[in-house]
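Shown next: input_4.tsv, containing TSV, C-alpha atoms and all ligand atoms.
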```tsv
chain	number	residue	atom	x	y	z
A	296	MET	CA	-61.14	134.07	54.75
A	297	SER	CA	-59.25	135.83	57.53
A	298	GLN	CA	-56.07	137.64	56.59
A	299	PRO	CA	-53.59	135.46	58.51
A	300	VAL	CA	-55.06	132.33	56.91
A	301	GLU	CA	-54.94	133.85	53.45
A	302	LYS	CA	-51.31	134.80	54.04
A	303	ILE	CA	-50.40	131.25	55.05
A	304	LEU	CA	-52.15	129.73	52.05
A	305	GLN	CA	-50.15	131.96	49.70
A	306	LYS	CA	-46.81	130.93	51.19
A	307	LYS	CA	-44.40	128.78	49.18
A	308	TYR	CA	-43.47	126.78	52.27
A	309	ILE	CA	-46.06	126.18	54.97
A	310	ASP	CA	-44.20	125.37	58.19
A	311	LYS	CA	-45.22	123.55	61.34
A	312	ASP	CA	-46.46	126.72	63.09
A	313	ASP	CA	-48.64	127.55	60.08
A	314	ILE	CA	-50.04	124.03	60.12
A	315	ARG	CA	-50.84	124.31	63.82
A	316	LEU	CA	-52.72	127.50	63.18
A	317	LEU	CA	-54.72	125.97	60.31
A	318	LEU	CA	-55.56	122.91	62.42
A	319	SER	CA	-56.84	125.19	65.17
A	320	LEU	CA	-59.25	127.12	62.92
A	321	ALA	CA	-62.80	127.16	64.24
A	322	PRO	CA	-65.23	125.15	62.05
A	323	ALA	CA	-67.00	128.37	61.04
A	324	VAL	CA	-63.85	129.72	59.37
A	325	SER	CA	-62.40	126.51	57.93
A	326	ALA	CA	-64.59	126.75	54.79
A	327	GLY	CA	-61.94	129.00	53.19
A	328	LEU	CA	-59.26	126.38	53.85
A	329	PHE	CA	-61.40	123.64	52.26
A	330	LYS	CA	-62.16	125.79	49.24
A	331	HIS	CA	-58.47	126.40	48.73
A	332	SER	CA	-57.48	122.72	49.12
A	333	HIS	CA	-60.30	121.80	46.73
A	334	GLU	CA	-58.82	124.13	44.12
A	335	VAL	CA	-55.37	122.63	44.65
A	336	LYS	CA	-56.79	119.14	44.17
A	337	THR	CA	-58.64	120.16	41.00
A	338	LEU	CA	-55.53	121.72	39.55
A	339	GLN	CA	-53.00	119.09	40.57
A	340	VAL	CA	-54.71	115.70	40.38
A	341	GLY	CA	-58.05	116.53	38.80
A	342	ARG	CA	-61.53	115.74	40.12
A	343	LYS	CA	-61.15	112.03	39.91
A	344	VAL	CA	-61.52	109.39	42.63
A	345	PHE	CA	-59.88	105.98	42.30
A	346	PHE	CA	-61.37	102.80	43.73
A	347	ARG	CA	-59.20	100.30	45.59
A	348	GLY	CA	-61.23	97.19	46.37
A	349	LEU	CA	-60.45	96.24	49.97
A	350	ILE	CA	-60.01	92.56	50.82
A	351	GLU	CA	-59.69	91.93	54.57
A	352	TYR	CA	-57.74	88.71	54.20
A	353	SER	CA	-57.38	87.62	57.84
A	354	ASN	CA	-58.15	88.99	61.30
A	355	ILE	CA	-55.44	86.89	62.93
A	356	CYS	CA	-52.90	89.25	64.45
A	357	THR	CA	-49.80	88.64	66.53
A	358	LYS	CA	-49.84	92.19	67.89
A	359	ASN	CA	-51.63	93.93	70.71
A	360	CYS	CA	-51.95	97.60	69.77
A	361	PHE	CA	-53.94	99.26	72.56
A	362	TYR	CA	-56.49	100.87	70.19
A	363	CYS	CA	-57.39	98.02	67.86
A	364	GLY	CA	-60.38	95.69	68.08
A	365	ILE	CA	-58.68	92.72	66.43
A	366	ARG	CA	-55.64	92.81	68.74
A	367	LYS	CA	-54.35	89.38	69.66
A	368	ASP	CA	-55.75	89.33	73.20
A	369	ASN	CA	-59.31	90.20	72.20
A	370	GLN	CA	-61.21	86.93	72.47
A	371	ARG	CA	-64.54	88.30	71.26
A	372	TYR	CA	-64.01	87.69	67.56
A	373	SER	CA	-63.66	84.34	65.89
A	374	ARG	CA	-60.54	84.37	63.83
A	375	TYR	CA	-60.68	83.71	60.09
A	376	THR	CA	-58.50	83.60	57.01
A	377	LEU	CA	-60.04	83.75	53.54
A	378	SER	CA	-59.44	80.83	51.23
A	379	ASP	CA	-57.52	81.41	47.99
A	380	GLU	CA	-60.81	81.01	46.12
A	381	GLU	CA	-62.51	83.72	48.19
A	382	VAL	CA	-59.64	86.13	47.59
A	383	LEU	CA	-59.63	85.39	43.87
A	384	GLU	CA	-63.37	85.86	43.62
A	385	ALA	CA	-63.11	89.29	45.25
A	386	ALA	CA	-60.12	90.22	43.06
A	387	LEU	CA	-62.01	89.17	39.94
A	388	TYR	CA	-65.00	91.25	41.01
A	389	ALA	CA	-62.69	94.27	41.18
A	390	TYR	CA	-61.16	93.40	37.82
A	391	GLU	CA	-64.47	92.83	36.06
A	392	ASN	CA	-65.89	96.06	37.46
A	393	ASN	CA	-62.92	98.07	36.25
A	394	PHE	CA	-61.60	98.98	39.71
A	395	ALA	CA	-58.08	98.44	38.33
A	396	SER	CA	-56.71	98.02	41.84
A	397	ILE	CA	-57.17	96.13	45.11
A	398	VAL	CA	-55.76	96.26	48.63
A	399	ILE	CA	-55.07	93.06	50.55
A	400	GLN	CA	-55.11	93.83	54.26
A	401	SER	CA	-54.61	91.59	57.27
A	402	GLY	CA	-53.65	91.47	60.90
A	403	GLU	CA	-49.89	91.14	61.24
A	404	GLN	CA	-48.54	87.61	60.72
A	405	SER	CA	-45.10	86.53	59.65
A	406	SER	CA	-45.07	82.73	59.55
A	407	LYS	CA	-43.47	81.03	56.57
A	408	ALA	CA	-46.86	79.64	55.61
A	409	PHE	CA	-48.38	83.13	55.56
A	410	THR	CA	-45.56	84.60	53.47
A	411	HIS	CA	-45.81	81.70	51.07
A	412	THR	CA	-49.60	81.88	50.72
A	413	ILE	CA	-49.50	85.60	49.94
A	414	ASP	CA	-46.79	84.98	47.33
A	415	GLY	CA	-48.96	82.32	45.67
A	416	LEU	CA	-52.05	84.53	45.79
A	417	LEU	CA	-50.22	87.44	44.18
A	418	ARG	CA	-49.06	85.20	41.35
A	419	LYS	CA	-52.56	83.79	40.82
A	420	ILE	CA	-54.13	87.24	40.78
A	421	HIS	CA	-51.52	88.44	38.30
A	422	LYS	CA	-52.21	85.48	36.03
A	423	GLU	CA	-56.01	85.59	36.21
A	424	THR	CA	-56.16	89.32	35.56
A	425	LYS	CA	-53.40	89.31	32.94
A	426	GLY	CA	-51.34	91.69	35.06
A	427	GLN	CA	-54.07	94.33	34.72
A	428	LEU	CA	-55.15	94.48	38.37
A	429	HIS	CA	-52.75	96.42	40.58
A	430	VAL	CA	-52.28	95.05	44.07
A	431	THR	CA	-51.50	97.06	47.19
A	432	LEU	CA	-50.49	95.18	50.34
A	433	SER	CA	-51.30	96.24	53.88
A	434	LEU	CA	-49.86	93.31	55.83
A	435	GLY	CA	-47.82	94.98	58.53
A	436	GLU	CA	-44.13	94.81	59.32
A	437	GLN	CA	-42.20	92.07	57.52
A	438	THR	CA	-38.57	91.28	56.73
A	439	GLU	CA	-36.81	92.88	53.78
A	440	ASP	CA	-36.77	89.49	52.05
A	441	THR	CA	-40.51	89.17	52.38
A	442	TYR	CA	-41.12	92.66	50.98
A	443	LYS	CA	-38.91	91.79	48.01
A	444	ARG	CA	-40.52	88.42	47.50
A	445	TRP	CA	-44.00	89.92	47.38
A	446	TYR	CA	-42.80	92.71	45.10
A	447	ASP	CA	-41.41	90.13	42.70
A	448	ALA	CA	-44.72	88.26	42.88
A	449	GLY	CA	-46.58	91.33	41.62
A	450	ALA	CA	-47.36	93.76	44.47
A	451	HIS	CA	-46.14	97.28	43.83
A	452	ARG	CA	-47.72	99.38	46.52
A	453	TYR	CA	-47.58	98.94	50.29
A	454	LEU	CA	-49.48	100.68	53.06
A	455	LEU	CA	-48.00	100.82	56.55
A	456	ARG	CA	-49.32	103.50	58.84
A	457	ILE	CA	-46.86	105.03	61.25
A	458	GLU	CA	-50.01	105.46	63.41
A	459	VAL	CA	-48.47	108.48	65.21
A	460	SER	CA	-45.15	110.09	64.32
A	461	ASN	CA	-44.30	111.09	67.89
A	462	PRO	CA	-42.27	108.18	69.41
A	463	ALA	CA	-43.32	109.03	72.99
A	464	LEU	CA	-47.00	108.94	72.02
A	465	TYR	CA	-46.42	105.72	70.05
A	466	ALA	CA	-45.01	104.15	73.24
A	467	LYS	CA	-48.19	105.10	75.13
A	468	LEU	CA	-50.40	103.39	72.56
A	469	HIS	CA	-48.51	100.11	72.27
A	470	PRO	CA	-47.16	97.44	74.61
A	471	ASP	CA	-43.60	97.99	75.72
A	472	ASP	CA	-41.90	95.14	73.89
A	473	LEU	CA	-39.80	94.46	70.81
A	474	ARG	CA	-42.81	93.66	68.67
A	475	HIS	CA	-44.15	97.18	68.95
A	476	THR	CA	-41.37	99.71	68.43
A	477	HIS	CA	-41.57	103.02	66.64
A	478	LYS	CA	-38.02	102.50	65.40
A	479	ALA	CA	-38.92	99.24	63.64
A	480	ARG	CA	-41.93	100.91	62.06
A	481	LEU	CA	-39.73	103.68	60.65
A	482	GLU	CA	-37.22	101.13	59.40
A	483	ALA	CA	-40.00	99.18	57.72
A	484	LEU	CA	-41.08	102.29	55.80
A	485	SER	CA	-37.55	102.82	54.57
A	486	LEU	CA	-37.13	99.15	53.58
A	487	LEU	CA	-40.36	99.32	51.62
A	488	ARG	CA	-39.14	102.34	49.71
A	489	LYS	CA	-35.82	100.59	49.09
A	490	SER	CA	-37.63	97.51	47.75
A	491	GLY	CA	-39.28	99.62	45.04
A	492	TYR	CA	-42.83	99.99	46.37
A	493	GLN	CA	-44.98	103.08	46.12
A	494	VAL	CA	-45.24	103.62	49.86
A	495	GLY	CA	-48.26	104.76	51.77
A	496	THR	CA	-48.49	105.61	55.44
A	497	GLY	CA	-50.92	107.35	57.74
A	498	VAL	CA	-52.03	108.21	61.24
A	499	MET	CA	-55.04	108.19	63.51
A	500	ILE	CA	-56.55	111.52	64.49
A	501	GLY	CA	-58.08	112.41	67.85
A	502	LEU	CA	-56.35	109.82	70.02
A	503	PRO	CA	-56.10	110.16	73.78
A	504	PHE	CA	-52.95	112.14	74.73
A	505	GLN	CA	-52.55	113.46	71.14
A	506	THR	CA	-52.10	117.23	70.71
A	507	ILE	CA	-52.53	119.62	67.76
A	508	SER	CA	-48.77	119.91	67.73
A	509	ASP	CA	-48.51	116.10	67.30
A	510	LEU	CA	-50.85	116.27	64.30
A	511	ALA	CA	-48.85	119.11	62.75
A	512	ASP	CA	-45.76	116.92	63.23
A	513	ASP	CA	-47.57	114.05	61.48
A	514	LEU	CA	-48.14	116.18	58.38
A	515	CYS	CA	-44.50	117.35	58.42
A	516	PHE	CA	-43.47	113.70	58.79
A	517	PHE	CA	-45.30	112.74	55.57
A	518	ARG	CA	-43.59	115.61	53.77
A	519	ASP	CA	-40.12	114.83	55.15
A	520	LEU	CA	-40.53	111.19	54.13
A	521	ASP	CA	-41.67	112.29	50.67
A	522	ILE	CA	-44.44	109.73	50.91
A	523	ASP	CA	-46.54	108.69	47.87
A	524	MET	CA	-49.88	107.90	49.51
A	525	VAL	CA	-51.61	108.66	52.81
A	526	GLY	CA	-54.58	107.07	54.53
A	527	MET	CA	-55.58	108.74	57.78
A	528	GLY	CA	-58.77	108.91	59.70
A	529	PRO	CA	-60.26	109.57	63.10
A	530	TYR	CA	-59.56	107.27	66.01
A	531	VAL	CA	-62.76	105.41	66.91
A	532	GLU	CA	-62.91	103.92	70.38
A	533	HIS	CA	-63.49	100.19	70.88
A	534	GLU	CA	-64.80	98.72	74.10
A	535	ASP	CA	-62.60	95.61	74.04
A	536	THR	CA	-59.34	97.52	73.99
A	537	PRO	CA	-57.12	98.99	76.73
A	538	LEU	CA	-57.56	102.50	75.31
A	539	TRP	CA	-61.30	102.45	76.04
A	540	GLU	CA	-60.45	103.46	79.59
A	541	TYR	CA	-59.24	106.84	78.28
A	542	ARG	CA	-62.26	107.62	76.11
A	543	ASN	CA	-63.05	110.70	78.17
A	544	LEU	CA	-59.78	112.22	76.89
A	545	ILE	CA	-60.72	112.17	73.21
A	546	PRO	CA	-62.31	115.07	71.31
A	547	PRO	CA	-66.08	114.88	70.63
A	548	VAL	CA	-67.12	113.16	67.38
A	549	ALA	CA	-67.76	116.40	65.46
A	550	ASP	CA	-64.31	117.73	66.38
A	551	ARG	CA	-62.58	114.50	65.37
A	552	VAL	CA	-64.34	114.65	61.99
A	553	ASP	CA	-63.49	118.31	61.52
A	554	LEU	CA	-59.84	117.72	62.47
A	555	SER	CA	-59.62	114.78	60.07
A	556	ILE	CA	-60.96	116.81	57.15
A	557	LYS	CA	-58.56	119.64	58.00
A	558	MET	CA	-55.67	117.15	58.02
A	559	VAL	CA	-56.71	116.02	54.51
A	560	ALA	CA	-57.04	119.61	53.27
A	561	ILE	CA	-53.67	120.74	54.63
A	562	LEU	CA	-51.94	117.64	53.32
A	563	ARG	CA	-53.37	118.24	49.83
A	564	ILE	CA	-51.96	121.78	49.99
A	565	ILE	CA	-48.47	120.82	51.20
A	566	MET	CA	-48.18	117.65	49.07
A	567	PRO	CA	-50.34	118.47	46.03
A	568	ASP	CA	-49.62	115.42	43.86
A	569	ILE	CA	-49.88	112.49	46.29
A	570	ASN	CA	-52.78	110.06	46.65
A	571	ILE	CA	-54.94	110.65	49.74
A	572	ALA	CA	-57.63	108.22	50.88
A	573	ALA	CA	-61.06	109.12	52.23
A	574	THR	CA	-61.16	106.50	54.99
A	575	THR	CA	-63.92	104.28	56.33
A	576	ALA	CA	-63.24	105.49	59.89
A	577	LEU	CA	-64.34	108.93	58.76
A	578	GLN	CA	-67.58	107.51	57.43
A	579	THR	CA	-68.07	105.72	60.75
A	580	LEU	CA	-68.22	109.02	62.62
A	581	ASP	CA	-70.04	111.00	59.92
A	582	SER	CA	-72.17	109.37	57.22
A	583	ASN	CA	-71.07	112.18	54.90
A	584	GLY	CA	-67.45	112.16	56.10
A	585	ARG	CA	-65.86	110.58	53.05
A	586	GLU	CA	-67.60	113.00	50.69
A	587	LYS	CA	-66.35	115.92	52.79
A	588	ALA	CA	-62.81	114.50	52.58
A	589	ILE	CA	-63.15	114.14	48.79
A	590	TYR	CA	-64.16	117.77	48.48
A	591	ALA	CA	-61.24	118.85	50.68
A	592	GLY	CA	-58.65	116.90	48.70
A	593	ALA	CA	-58.91	113.10	48.97
A	594	ASN	CA	-58.80	111.14	45.69
A	595	VAL	CA	-58.90	107.46	46.71
A	596	ILE	CA	-61.68	105.38	48.24
A	597	MET	CA	-61.59	101.74	49.33
A	598	PRO	CA	-64.90	99.91	48.80
A	599	ASN	CA	-65.03	96.78	50.95
A	600	LEU	CA	-64.97	93.53	48.92
A	601	THR	CA	-64.50	91.14	51.86
A	602	PRO	CA	-67.16	88.39	51.76
A	603	VAL	CA	-69.98	89.70	53.96
A	604	LYS	CA	-70.01	86.69	56.32
A	605	TYR	CA	-66.55	87.59	57.69
A	606	ARG	CA	-67.01	91.31	58.14
A	607	ASP	CA	-68.38	91.21	61.69
A	608	ASN	CA	-65.04	89.76	62.73
A	609	TYR	CA	-62.89	92.52	61.22
A	610	LEU	CA	-63.99	95.31	63.47
A	611	LEU	CA	-60.90	97.37	64.23
A	612	TYR	CA	-63.28	99.87	65.83
A	613	GLU	CA	-66.96	100.03	66.80
A	614	ASN	CA	-69.89	100.88	64.49
A	615	LYS	CA	-67.96	100.15	61.32
A	616	PRO	CA	-70.42	100.92	58.52
A	617	ASN	CA	-71.60	98.81	55.54
A	618	VAL	CA	-70.80	95.47	57.15
A	619	LYS	CA	-73.84	93.91	55.50
A	620	ASP	CA	-73.57	95.57	52.08
A	621	GLN	CA	-72.82	93.45	49.05
A	622	PRO	CA	-70.10	94.84	46.74
A	623	ASP	CA	-72.67	95.91	44.12
A	624	GLU	CA	-74.61	98.01	46.62
A	625	THR	CA	-71.46	99.63	47.94
A	626	ARG	CA	-70.21	100.41	44.45
A	627	LYS	CA	-73.48	101.92	43.33
A	628	SER	CA	-73.94	104.10	46.38
A	629	LEU	CA	-70.33	105.32	46.20
A	630	GLU	CA	-70.75	106.07	42.52
A	631	LYS	CA	-73.83	108.13	43.29
A	632	ASN	CA	-72.22	110.06	46.15
A	633	ILE	CA	-68.99	110.76	44.30
A	634	ARG	CA	-70.86	112.04	41.26
A	635	ALA	CA	-73.10	114.14	43.50
A	636	ALA	CA	-69.92	115.67	44.92
A	637	GLY	CA	-68.96	116.62	41.35
A	638	ASP	CA	-66.11	114.17	40.88
A	639	GLU	CA	-65.83	111.21	38.50
A	640	ILE	CA	-64.50	107.73	39.17
A	641	GLY	CA	-61.22	106.70	37.57
A	642	TYR	CA	-62.58	103.39	36.25
A	643	GLY	CA	-59.99	101.27	34.47
A	644	GLU	CA	-57.11	103.53	35.53
A	645	TRP	CA	-54.45	102.42	37.97
A	646	GLY	CA	-54.37	105.87	39.52
A	647	ASP	CA	-50.72	105.69	40.52
A	648	SER	CA	-49.65	108.54	42.72
A	649	ARG	CA	-48.46	111.38	40.48
A	650	HIS	CA	-45.94	112.09	43.17
A	651	TYR	CA	-44.36	108.66	42.69
A	652	LYS	CA	-44.28	109.11	38.93
A	653	ASN	CA	-42.82	112.60	39.23
A	654	ARG	CA	-40.16	111.37	41.67
A	655	SER	CA	-39.26	108.37	39.48
A	656	SER	CA	-38.81	110.59	36.42
A	657	GLU	CA	-36.64	112.99	38.50
A	658	ILE	CA	-34.42	110.03	39.47
A	659	ALA	CA	-34.20	108.85	35.86
A	660	LYS	CA	-32.98	112.26	34.68
B	701	LIG	N1	-59.80	103.58	65.26
B	701	LIG	C1	-59.40	104.02	64.04
B	701	LIG	N2	-58.48	103.37	63.30
B	701	LIG	C2	-57.96	102.23	63.81
B	701	LIG	N3	-57.04	101.38	63.33
B	701	LIG	C3	-56.88	100.38	64.21
B	701	LIG	N4	-57.67	100.56	65.28
B	701	LIG	C4	-58.35	101.72	65.06
B	701	LIG	C5	-59.31	102.45	65.80
B	701	LIG	N5	-59.73	102.04	67.00
B	701	LIG	C6	-56.33	101.62	62.08
B	701	LIG	C7	-54.81	101.65	62.30
B	701	LIG	C8	-54.31	100.54	61.41
B	701	LIG	C9	-55.41	100.43	60.39
B	701	LIG	C10	-55.46	99.13	59.67
B	701	LIG	O1	-56.58	100.62	61.14
B	701	LIG	O2	-54.32	102.90	61.88
B	701	LIG	O3	-53.07	100.83	60.80
B	702	LIG	FE1	-52.85	94.03	64.62
B	702	LIG	FE2	-52.82	96.15	62.96
B	702	LIG	FE3	-54.68	95.91	64.87
B	702	LIG	FE4	-52.16	96.45	65.58
B	702	LIG	S1	-53.55	97.79	64.33
B	702	LIG	S2	-53.50	94.93	66.55
B	702	LIG	S3	-51.05	95.24	64.06
B	702	LIG	S4	-54.42	94.57	63.10
```

As structure tokens - that is how I would like this structure written.
Ligand code: 5AD
Ligand code: SF4
Amino acid sequence: MSQPVEKILQKKYIDKDDIRLLLSLAPAVSAGLFKHSHEVKTLQVGRKVFFRGLIEYSNICTKNCFYCGIRKDNQRYSRYTLSDEEVLEAALYAYENNFASIVIQSGEQSSKAFTHTIDGLLRKIHKETKGQLHVTLSLGEQTEDTYKRWYDAGAHRYLLRIEVSNPALYAKLHPDDLRHTHKARLEALSLLRKSGYQVGTGVMIGLPFQTISDLADDLCFFRDLDIDMVGMGPYVEHEDTPLWEYRNLIPPVADRVDLSIKMVAILRIIMPDINIAATTALQTLDSNGREKAIYAGANVIMPNLTPVKYRDNYLLYENKPNVKDQPDETRKSLEKNIRAAGDEIGYGEWGDSRHYKNRSSEIAK
């Protein structure tokens, strides 16, 4: 490892300039960074990966983010919503296979009917799994009442990516209207925290117009917010979106993968006890991408449990992998790859973020 890098890694507080330097390391010299973040992971959270069964509940979305394949104005996909039975079946699969936790994700909707259906589903899942299956929601921006209602119905974790922490860049990637404001997104994250959730956020990496300095800011943003969980992955272009036009501005695939792994490694170093996901987008650009992220510091993976017949319609980006794989196949191949990487799977454990637990016990003192 070069001397300046070694010096940074020994610091008590790694600042934004240090992060920028680490993000700019050439691939040939980033091995030292990954080795260090791997040691931090081993020491702080152990070599364990937790499964969160992913249920893509509905691809109906009222928003029009410029990067996303299921944006409202994209007519190419037929829109679906899973039935209660389909959700329960997937949840029970997770429960019976000792996943201990699921994520219910959807395009953003806020009708009364939607809020009510999710409430009912949470209660059913709680009952059928005797409160043993933890549920994370990833259902976009909602009102404070809705967050509280779903919390009371049994959801205790919520994922809401800030997407990019720079407000000017956010404005470039979203329509200019009241439905898509950076301010509302920030407020949502604080309401979620206030409602009692373990809060997760995240960003996309390698977007058009995004700089290394923006990415360093993203990592500082997670730290300033004292976030419990992070899911971040490379931006993957999609032909049916307005951002496709700017595809010549994005870094080549190998660089986006490398940057994403570096983001995971640095985050593990600056926030040693949080949960970090190895994302599907990473696997889309590199078949070995999730394993690389696990080595560098990630400790959560989200096997897809959405019924296979719907998956072609939940393509946020192109070339999404495993759209035809049945849950058993996915589980077995993940098991094999995670073990090959030297980690074990935290079957039957909720895998709450240690950061959340540590913070809660600080507050209780
Ligand atoms: N590439 C990568 N990630 C994307 N997302 C949406 N569109 C894309 C894309 N083209 C991510 C967003 C969103 C999450 C559900 O999927 O970060 O929060
Ligand atoms: Fe909808 Fe989320 Fe896609 Fe934006 S990123 S269009 S809110 S599904």

Around all listed atoms of ligand LIG 701 (chain B), padded 5 Å per side, what centre and edge lengths does the axis-aligned box have in Å to one decimal, as JSON?
```
{"center_x": -56.4, "center_y": 101.6, "center_z": 63.3, "size_x": 16.7, "size_y": 14.9, "size_z": 17.3}
```

Inset, instruction - Go through the chains and note each residue within 7 Å of ligand LIG 701 (chain B), using all atoms listed in the file, then give the set as a VMD selection string. - result: chain A and resid 362 to 364 455 to 456 458 497 to 499 528 to 533 576 611 to 612

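One distance worth recording is that between CA of Thr337 (chain A) and CA of Arg585 (chain A), which is 17.0 Å.
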
Legend entry - ligand LIG 702 (chain B) neighbours within 6 Å using only C-alpha atoms and all ligand atoms, as a count of residues only: 9

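Take the candidates A:Ala448, A:Leu317, A:Val344, A:Ala463 and check each one against Asn594 (chain A) using only C-alpha atoms; the shortest distance goes to A:Val344.
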
Legend entry - Of the listed residues A:Thr579, A:Ser555, A:Ser319, A:Asn392, that which approaches Val618 (chain A) most closely, counting all atoms listed in the file: A:Thr579

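Across A:Asn608, A:Ser460, A:Gln305, A:Asn599, the tightest approach to Asn354 (chain A) is made by A:Asn608 when counting only C-alpha atoms.
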
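Going from CA of Tyr390 (chain A) to CA of Gln437 (chain A) covers 27.4 Å.
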
Legend entry - Of the listed residues A:Pro567, A:Thr476, A:Glu586, A:His451, that which approaches His331 (chain A) most closely, counting all atoms listed in the file: A:Pro567

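Residue nearest Thr625 (chain A), chosen from A:Ile309, A:Leu562, A:Met597, A:Ile355 and counting all atoms listed in the file: A:Met597.
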
Can you take region 618-630 of chain A from the block and write N, CA, C and O atoms as a CSV table (one decimal), in the first residue's frame?
```csv
chain,number,residue,atom,x,y,z
A,618,VAL,N,-33.7,-13.0,-13.6
A,618,VAL,CA,-35.2,-12.8,-13.7
A,618,VAL,C,-36.0,-14.1,-13.9
A,618,VAL,O,-37.2,-14.1,-13.7
A,619,LYS,N,-35.3,-15.2,-14.3
A,619,LYS,CA,-36.0,-16.4,-14.5
A,619,LYS,C,-35.7,-17.4,-13.3
A,619,LYS,O,-36.3,-18.5,-13.3
A,620,ASP,N,-34.9,-17.1,-12.4
A,620,ASP,CA,-34.5,-18.0,-11.4
A,620,ASP,C,-35.5,-18.2,-10.3
A,620,ASP,O,-36.0,-17.2,-9.7
A,621,GLN,N,-35.9,-19.4,-10.0
A,621,GLN,CA,-36.8,-19.7,-8.9
A,621,GLN,C,-36.0,-19.5,-7.6
A,621,GLN,O,-34.8,-19.6,-7.5
A,622,PRO,N,-36.8,-19.1,-6.5
A,622,PRO,CA,-36.1,-18.8,-5.2
A,622,PRO,C,-35.1,-19.9,-4.8
A,622,PRO,O,-34.0,-19.5,-4.3
A,623,ASP,N,-35.4,-21.2,-5.0
A,623,ASP,CA,-34.5,-22.2,-4.5
A,623,ASP,C,-33.1,-22.1,-5.2
A,623,ASP,O,-32.1,-22.3,-4.6
A,624,GLU,N,-33.2,-21.9,-6.6
A,624,GLU,CA,-31.9,-21.8,-7.3
A,624,GLU,C,-31.1,-20.6,-6.8
A,624,GLU,O,-29.9,-20.7,-6.6
A,625,THR,N,-31.8,-19.5,-6.7
A,625,THR,CA,-31.1,-18.3,-6.2
A,625,THR,C,-30.4,-18.5,-4.9
A,625,THR,O,-29.3,-18.2,-4.7
A,626,ARG,N,-31.2,-19.1,-4.0
A,626,ARG,CA,-30.7,-19.3,-2.6
A,626,ARG,C,-29.5,-20.2,-2.6
A,626,ARG,O,-28.4,-19.9,-2.0
A,627,LYS,N,-29.6,-21.3,-3.4
A,627,LYS,CA,-28.5,-22.3,-3.4
A,627,LYS,C,-27.2,-21.6,-4.1
A,627,LYS,O,-26.1,-21.8,-3.6
A,628,SER,N,-27.4,-20.9,-5.2
A,628,SER,CA,-26.2,-20.3,-5.8
A,628,SER,C,-25.6,-19.2,-4.9
A,628,SER,O,-24.4,-19.1,-4.8
A,629,LEU,N,-26.4,-18.5,-4.2
A,629,LEU,CA,-25.9,-17.5,-3.3
A,629,LEU,C,-25.1,-18.1,-2.2
A,629,LEU,O,-24.0,-17.7,-1.8
A,630,GLU,N,-25.7,-19.2,-1.6
A,630,GLU,CA,-25.1,-19.9,-0.5
A,630,GLU,C,-23.7,-20.3,-0.9
A,630,GLU,O,-22.7,-20.1,-0.2
```
